[in-house]
$ cat coords07.txt   # compact mmCIF, C-alpha atoms and all ligand atoms
# COMPACT_ATOMS: atom_id res chain seq x y z
CA LEU F 1 0.00 0.00 0.00
CA LYS F 2 2.85 2.38 0.76
CA SER F 3 4.37 2.05 -2.70
CA MET F 4 0.91 2.11 -4.30
CA LEU F 5 0.16 5.35 -2.51
CA ARG F 6 3.45 6.88 -3.61
CA GLU F 7 2.72 5.87 -7.20
CA GLU F 8 -0.81 7.20 -7.03
CA ILE F 9 0.22 10.54 -5.59
CA ASN F 10 2.98 10.57 -8.18
CA GLU F 11 4.99 13.41 -6.72
CA ASP F 12 8.52 13.73 -5.46
CA GLN F 13 7.48 14.19 -1.87
CA PRO F 14 6.84 11.05 0.14
CA ALA F 15 3.18 10.16 0.57
CA VAL F 16 1.36 10.40 3.87
CA LEU F 17 2.29 7.14 5.48
CA PRO F 18 2.54 5.77 8.97
CA THR F 19 5.33 7.81 10.54
CA ALA F 20 6.95 8.28 13.92
CA ALA F 21 4.20 10.77 14.73
CA ALA F 22 1.05 9.07 15.96
CA PRO F 23 -1.63 9.29 13.28
CA ARG F 24 -4.48 11.70 14.03
CA VAL F 25 -6.53 10.72 11.00
CA GLY F 26 -7.33 7.25 9.72
CA ILE F 27 -7.96 7.04 5.99
CA ILE F 28 -9.57 3.72 5.17
CA MET F 29 -11.09 2.31 2.01
CA GLY F 30 -12.88 -0.84 1.01
CA SER F 31 -10.50 -1.84 -1.76
CA ASP F 32 -7.20 -0.88 -3.33
CA SER F 33 -9.31 0.11 -6.34
CA ASP F 34 -10.50 3.09 -4.22
CA LEU F 35 -6.97 4.41 -3.84
CA PRO F 36 -6.88 6.63 -6.96
CA VAL F 37 -9.76 8.57 -5.36
CA MET F 38 -8.74 8.33 -1.70
CA LYS F 39 -5.19 9.50 -2.31
CA ASP F 40 -6.55 13.05 -2.53
CA ALA F 41 -7.42 12.98 1.18
CA ALA F 42 -3.87 11.85 1.95
CA LYS F 43 -2.48 14.69 -0.16
CA ILE F 44 -4.44 17.30 1.76
CA LEU F 45 -3.38 15.92 5.13
CA ARG F 46 0.23 15.88 4.02
CA GLU F 47 -0.11 19.50 2.91
CA PHE F 48 -1.31 20.43 6.40
CA ASN F 49 1.27 18.22 8.13
CA VAL F 50 -1.39 16.15 9.82
CA PRO F 51 -0.10 12.64 10.51
CA ALA F 52 -2.35 10.03 8.97
CA GLU F 53 -2.48 6.34 8.33
CA VAL F 54 -3.87 4.70 5.20
CA ARG F 55 -5.43 1.25 5.36
CA ILE F 56 -7.59 -1.06 3.29
CA VAL F 57 -10.43 -2.22 5.53
CA SER F 58 -13.40 -3.89 3.87
CA ALA F 59 -16.79 -4.12 5.53
CA HIS F 60 -17.66 -7.15 3.39
CA ARG F 61 -14.38 -8.97 2.95
CA THR F 62 -12.66 -8.28 6.26
CA PRO F 63 -15.51 -7.61 8.70
CA GLU F 64 -13.45 -8.69 11.73
CA MET F 65 -10.67 -6.30 10.77
CA MET F 66 -13.20 -3.51 10.28
CA PHE F 67 -14.56 -4.20 13.76
CA SER F 68 -11.16 -4.14 15.44
CA TYR F 69 -9.98 -1.10 13.45
CA ALA F 70 -13.03 1.01 14.27
CA SER F 71 -13.40 -0.08 17.88
CA SER F 72 -9.72 0.56 18.70
CA ALA F 73 -9.23 3.77 16.71
CA ARG F 74 -10.00 6.15 19.58
CA GLU F 75 -7.65 4.48 22.05
CA ARG F 76 -4.88 4.54 19.41
CA GLY F 77 -5.17 8.34 19.23
CA ILE F 78 -7.08 8.62 15.96
CA GLN F 79 -9.34 11.70 16.09
CA VAL F 80 -11.12 11.57 12.72
CA ILE F 81 -11.78 8.70 10.32
CA ILE F 82 -12.18 9.19 6.58
CA ALA F 83 -13.79 6.14 5.00
CA GLY F 84 -14.23 5.65 1.27
CA ALA F 85 -16.16 2.89 -0.45
CA GLY F 86 -18.11 2.16 -3.58
CA GLY F 87 -21.22 0.22 -4.53
CA ALA F 88 -23.22 -0.96 -1.52
CA ALA F 89 -20.88 1.18 0.56
CA HIS F 90 -21.37 0.02 4.15
CA LEU F 91 -17.94 0.88 5.42
CA PRO F 92 -18.41 4.48 6.66
CA GLY F 93 -21.71 3.71 8.40
CA MET F 94 -20.47 0.50 10.00
CA VAL F 95 -17.35 2.25 11.25
CA ALA F 96 -19.44 5.14 12.62
CA ALA F 97 -21.51 2.58 14.52
CA LEU F 98 -18.38 1.23 16.20
CA THR F 99 -16.64 4.46 17.27
CA PRO F 100 -17.59 7.80 18.82
CA LEU F 101 -15.12 9.56 16.49
CA PRO F 102 -16.38 11.72 13.63
CA VAL F 103 -16.52 9.70 10.40
CA ILE F 104 -16.34 11.35 7.00
CA GLY F 105 -17.67 9.21 4.16
CA VAL F 106 -16.38 9.40 0.60
CA PRO F 107 -18.71 7.83 -1.97
CA VAL F 108 -16.42 6.27 -4.58
CA ARG F 109 -17.76 5.99 -8.10
CA ALA F 110 -17.75 2.27 -8.88
CA SER F 111 -18.26 0.70 -12.30
CA THR F 112 -22.03 1.16 -12.42
CA LEU F 113 -24.65 3.80 -11.58
CA ASP F 114 -22.10 6.63 -11.69
CA GLY F 115 -21.55 6.53 -7.95
CA LEU F 116 -25.14 7.29 -7.05
CA ASP F 117 -25.31 3.88 -5.36
CA SER F 118 -22.27 4.75 -3.23
CA LEU F 119 -23.59 8.22 -2.42
CA LEU F 120 -26.98 7.00 -1.25
CA SER F 121 -25.48 4.09 0.70
CA ILE F 122 -23.32 6.54 2.67
CA VAL F 123 -25.48 9.65 2.96
CA GLN F 124 -28.69 7.87 3.92
CA MET F 125 -27.56 6.78 7.37
CA PRO F 126 -30.50 6.18 9.69
CA ARG F 127 -31.02 8.54 12.63
CA GLY F 128 -28.52 8.17 15.47
CA VAL F 129 -25.37 7.24 13.55
CA PRO F 130 -24.09 10.20 11.53
CA VAL F 131 -21.63 10.07 8.65
CA ALA F 132 -20.49 13.41 7.22
CA THR F 133 -20.76 12.65 3.51
CA VAL F 134 -18.81 14.53 0.86
CA ALA F 135 -19.50 14.58 -2.87
CA ILE F 136 -18.86 11.57 -5.10
CA ASN F 137 -15.10 10.99 -5.49
CA ASN F 138 -14.33 14.18 -3.55
CA ALA F 139 -11.71 12.89 -1.12
CA THR F 140 -10.09 16.32 -1.22
CA ASN F 141 -13.05 17.74 0.66
CA ALA F 142 -12.88 14.85 3.12
CA GLY F 143 -9.28 15.79 3.90
CA LEU F 144 -10.21 19.46 4.25
CA LEU F 145 -13.15 18.65 6.52
CA ALA F 146 -10.88 16.52 8.71
CA VAL F 147 -8.49 19.46 9.03
CA ARG F 148 -11.38 21.75 10.00
CA LEU F 149 -12.58 19.29 12.63
CA LEU F 150 -9.10 19.00 14.12
CA GLY F 151 -8.82 22.80 13.94
CA ILE F 152 -11.58 23.19 16.53
CA SER F 153 -9.04 22.31 19.22
CA ASP F 154 -5.83 23.18 17.33
CA ILE F 155 -5.58 26.90 16.66
CA ASP F 156 -2.38 26.55 14.66
CA LEU F 157 -4.09 24.12 12.28
CA GLN F 158 -7.14 26.35 12.11
CA ALA F 159 -4.94 29.31 11.18
CA ARG F 160 -3.40 27.25 8.39
CA MET F 161 -6.88 26.42 7.13
CA ALA F 162 -7.72 30.14 7.07
CA GLN F 163 -4.51 30.74 5.09
CA TYR F 164 -5.45 27.91 2.70
CA GLN F 165 -8.78 29.62 2.05
CA GLU F 166 -7.06 32.96 1.44
CA ASP F 167 -4.71 31.28 -1.02
CA ARG F 168 -7.65 29.77 -2.93
CA ARG F 169 -9.33 33.19 -3.00
CA ASP F 170 -6.14 34.80 -4.32
CA GLU F 171 -5.92 32.20 -7.09
CA VAL F 172 -9.37 33.24 -8.30
CA LEU F 173 -8.48 36.92 -8.11
CA VAL F 174 -5.35 36.36 -10.22
CA LYS F 175 -7.34 34.42 -12.83
CA ASP F 176 -10.00 37.11 -12.88
CA ASP F 177 -7.35 39.78 -13.27
CA LYS F 178 -5.85 37.93 -16.25
CA LEU F 179 -9.24 37.66 -17.92
CA GLU F 180 -9.73 41.41 -17.76
CA LYS F 181 -6.58 42.02 -19.83
C1 LIG E 201 -16.21 -1.78 -2.45
O1 LIG E 201 -16.42 -2.36 -3.66
C2 LIG E 201 -14.92 -1.02 -2.55
O2 LIG E 201 -14.96 0.10 -1.73
C3 LIG E 201 -14.83 -0.65 -4.02
O3 LIG E 201 -15.22 0.69 -4.26
C4 LIG E 201 -15.83 -1.58 -4.68
C5 LIG E 201 -15.19 -2.47 -5.71
O4 LIG E 201 -14.12 -3.19 -5.10
P1 LIG E 201 -13.14 -4.06 -5.98
O5 LIG E 201 -13.98 -5.13 -6.65
O6 LIG E 201 -12.50 -3.15 -6.98
O7 LIG E 201 -12.12 -4.63 -5.02
O8 LIG E 201 -16.12 -2.73 -1.43

$ encode --input "coords07.txt" --output "structure tokens" --more "lines below"
Ligand code: RP5
Amino acid sequence: LKSMLREEINEDQPAVLPTAAAPRVGIIMGSDSDLPVMKDAAKILREFNVPAEVRIVSAHRTPEMMFSYASSARERGIQVIIAGAGGAAHLPGMVAALTPLPVIGVPVRASTLDGLDSLLSIVQMPRGVPVATVAINNATNAGLLAVRLLGISDIDLQARMAQYQEDRRDEVLVKDDKLEK
């Protein structure tokens, strides 16, 4: 998975991988086929220097591993879980049922139904077990939302998020300025 992630991110910098620093965010996905989408969450967390771990944890194929991952995440120091899955995407909801941590769900577009199946499977959680669902294939927003959640009790991180937003605004202003010429 480490080398896959490096290949997928395809940049000179090392990918977000288990490091000496204890991971604050767990990025999990149902299959390695989700990695091309889920790598975007890892990229954002790397950009903000938030230590993260990346794991393949399938609700269907490795239910015992899913149970132990989700039920031990809090005691291991994980503060937010980002879970991506496609098709009948149980993973985010099952994980949310097993931990009090905030869970962000990423609907991954699978080979059929354009990802609507994944979206509805994740967003339509019954009352009592919330999953914060981002747009189909939008793992970038999952990473950004994780940073915002951590920023509630980490003012340095929150300040970096404010700077990130200013940088995005400035990018638009520069593009607008160029159009006027
Ligand atoms: C889900 O089934 C995974 O999250 C993936 O999006 C989808 C297809 O998995 P593979 O058949 O590619 O392993 O469990």

$ atom_distance --input "coords07.txt" --atom1 "CA of Val147 in chain F" --atom2 "CA of Leu119 in chain F"
22.0 Å

$ residues_near_ligand --input "coords07.txt" --ligand "ligand LIG 201 (chain E)" --cutoff "8 Å" --atoms "only C-alpha atoms and all ligand atoms" --output "PyMOL selection string"
chain F and resi 29-34+58-61+84-89+91+108-111

$ atom_distance --input "coords07.txt" --atom1 "CA of Ser72 in chain F" --atom2 "CA of Met161 in chain F"
28.5 Å

$ closest_residue --input "coords07.txt" --among "F:Leu179, F:Leu173, F:Gly128, F:Asn137" --to "Val106 in chain F" --atoms "all atoms listed in the file"
F:Asn137

$ closest_residue --input "coords07.txt" --among "F:Val123, F:Ile78, F:Ala70, F:Val129" --to "Thr99 in chain F" --atoms "only C-alpha atoms"
F:Ala70

$ closest_residue --input "coords07.txt" --among "F:Arg169, F:Lys175, F:Arg74, F:Arg127" --to "Val25 in chain F" --atoms "only C-alpha atoms"
F:Arg74

$ atom_distance --input "coords07.txt" --atom1 "CA of Glu53 in chain F" --atom2 "CA of Gly26 in chain F"
5.1 Å

$ residues_around --input "coords07.txt" --residues "Glu47 in chain F" --least-positions-apart "3" --cutoff "10 Å" --atoms "all atoms listed in the file" --output "list in words"
Val16, Ala41, Ala42, Lys43, Ile44, Val50, Gly143 and Tyr164 of chain F

$ write_last_selection --input "coords07.txt" --atoms "C-alpha atoms" --output "compact mmCIF listing (two decimals), in the coordinates of the input"
# COMPACT_ATOMS: atom_id res chain seq x y z
CA VAL F 16 1.36 10.40 3.87
CA ALA F 41 -7.42 12.98 1.18
CA ALA F 42 -3.87 11.85 1.95
CA LYS F 43 -2.48 14.69 -0.16
CA ILE F 44 -4.44 17.30 1.76
CA VAL F 50 -1.39 16.15 9.82
CA GLY F 143 -9.28 15.79 3.90
CA TYR F 164 -5.45 27.91 2.70

$ closest_residue --input "coords07.txt" --among "F:Pro63, F:Pro130, F:Pro36, F:Pro23" --to "Asn49 in chain F" --atoms "all atoms listed in the file"
F:Pro23

$ residues_near_point --input "coords07.txt" --point "(-24.5, 10.4, 10.9)" --cutoff "10 Å" --atoms "all atoms listed in the file" --output "PyMOL selection string"
chain F and resi 92-93+96-97+102-105+122-133

$ residues_near_point --input "coords07.txt" --point "(-12.6, 20.1, 12.9)" --cutoff "12 Å" --atoms "only C-alpha atoms" --output "VMD selection string"
chain F and resid 24 to 25 79 to 81 101 to 104 132 142 to 155 157 to 158 161

$ closest_residue --input "coords07.txt" --among "F:Ala22, F:Leu5, F:Met94, F:Ala52" --to "Arg76 in chain F" --atoms "all atoms listed in the file"
F:Ala22

$ axis_aligned_box --input "coords07.txt" --around "range 134-148 of chain F" --padding-each-side "4 Å" --output "AutoDock Vina command-line options"
--center_x -14.0 --center_y 16.4 --center_z 2.3 --size_x 19.0 --size_y 18.8 --size_z 23.5

$ closest_residue --input "coords07.txt" --among "F:Ile56, F:Val37, F:Phe48, F:Gln165" --to "Leu1 in chain F" --atoms "all atoms listed in the file"
F:Ile56

$ build_atoms --input "coords07.txt" --residues "range 162-173 of chain F" --atoms "N, CA and C atoms" --output "PDB file, in the frame of the given file"
ATOM      1  N   ALA F 162      -7.321  28.793   7.495  1.00  0.00           N
ATOM      2  CA  ALA F 162      -7.720  30.140   7.070  1.00  0.00           C
ATOM      3  C   ALA F 162      -6.777  30.632   5.961  1.00  0.00           C
ATOM      4  N   GLN F 163      -5.489  30.344   6.121  1.00  0.00           N
ATOM      5  CA  GLN F 163      -4.510  30.740   5.090  1.00  0.00           C
ATOM      6  C   GLN F 163      -4.784  29.997   3.780  1.00  0.00           C
ATOM      7  N   TYR F 164      -5.122  28.714   3.877  1.00  0.00           N
ATOM      8  CA  TYR F 164      -5.450  27.910   2.700  1.00  0.00           C
ATOM      9  C   TYR F 164      -6.621  28.551   1.937  1.00  0.00           C
ATOM     10  N   GLN F 165      -7.621  28.989   2.690  1.00  0.00           N
ATOM     11  CA  GLN F 165      -8.780  29.620   2.050  1.00  0.00           C
ATOM     12  C   GLN F 165      -8.402  30.935   1.377  1.00  0.00           C
ATOM     13  N   GLU F 166      -7.522  31.700   2.051  1.00  0.00           N
ATOM     14  CA  GLU F 166      -7.060  32.960   1.440  1.00  0.00           C
ATOM     15  C   GLU F 166      -6.293  32.684   0.158  1.00  0.00           C
ATOM     16  N   ASP F 167      -5.479  31.625   0.180  1.00  0.00           N
ATOM     17  CA  ASP F 167      -4.710  31.280  -1.020  1.00  0.00           C
ATOM     18  C   ASP F 167      -5.634  30.900  -2.180  1.00  0.00           C
ATOM     19  N   ARG F 168      -6.699  30.162  -1.867  1.00  0.00           N
ATOM     20  CA  ARG F 168      -7.650  29.770  -2.930  1.00  0.00           C
ATOM     21  C   ARG F 168      -8.344  31.021  -3.482  1.00  0.00           C
ATOM     22  N   ARG F 169      -8.699  31.945  -2.560  1.00  0.00           N
ATOM     23  CA  ARG F 169      -9.330  33.190  -3.000  1.00  0.00           C
ATOM     24  C   ARG F 169      -8.379  33.962  -3.925  1.00  0.00           C
ATOM     25  N   ASP F 170      -7.105  34.052  -3.525  1.00  0.00           N
ATOM     26  CA  ASP F 170      -6.140  34.800  -4.320  1.00  0.00           C
ATOM     27  C   ASP F 170      -5.965  34.189  -5.709  1.00  0.00           C
ATOM     28  N   GLU F 171      -6.024  32.871  -5.785  1.00  0.00           N
ATOM     29  CA  GLU F 171      -5.920  32.200  -7.090  1.00  0.00           C
ATOM     30  C   GLU F 171      -7.038  32.670  -8.025  1.00  0.00           C
ATOM     31  N   VAL F 172      -8.233  32.786  -7.478  1.00  0.00           N
ATOM     32  CA  VAL F 172      -9.370  33.240  -8.300  1.00  0.00           C
ATOM     33  C   VAL F 172      -9.157  34.685  -8.722  1.00  0.00           C
ATOM     34  N   LEU F 173      -8.680  35.511  -7.797  1.00  0.00           N
ATOM     35  CA  LEU F 173      -8.480  36.920  -8.110  1.00  0.00           C
ATOM     36  C   LEU F 173      -7.446  37.087  -9.225  1.00  0.00           C
TER      37      LEU F 173
END
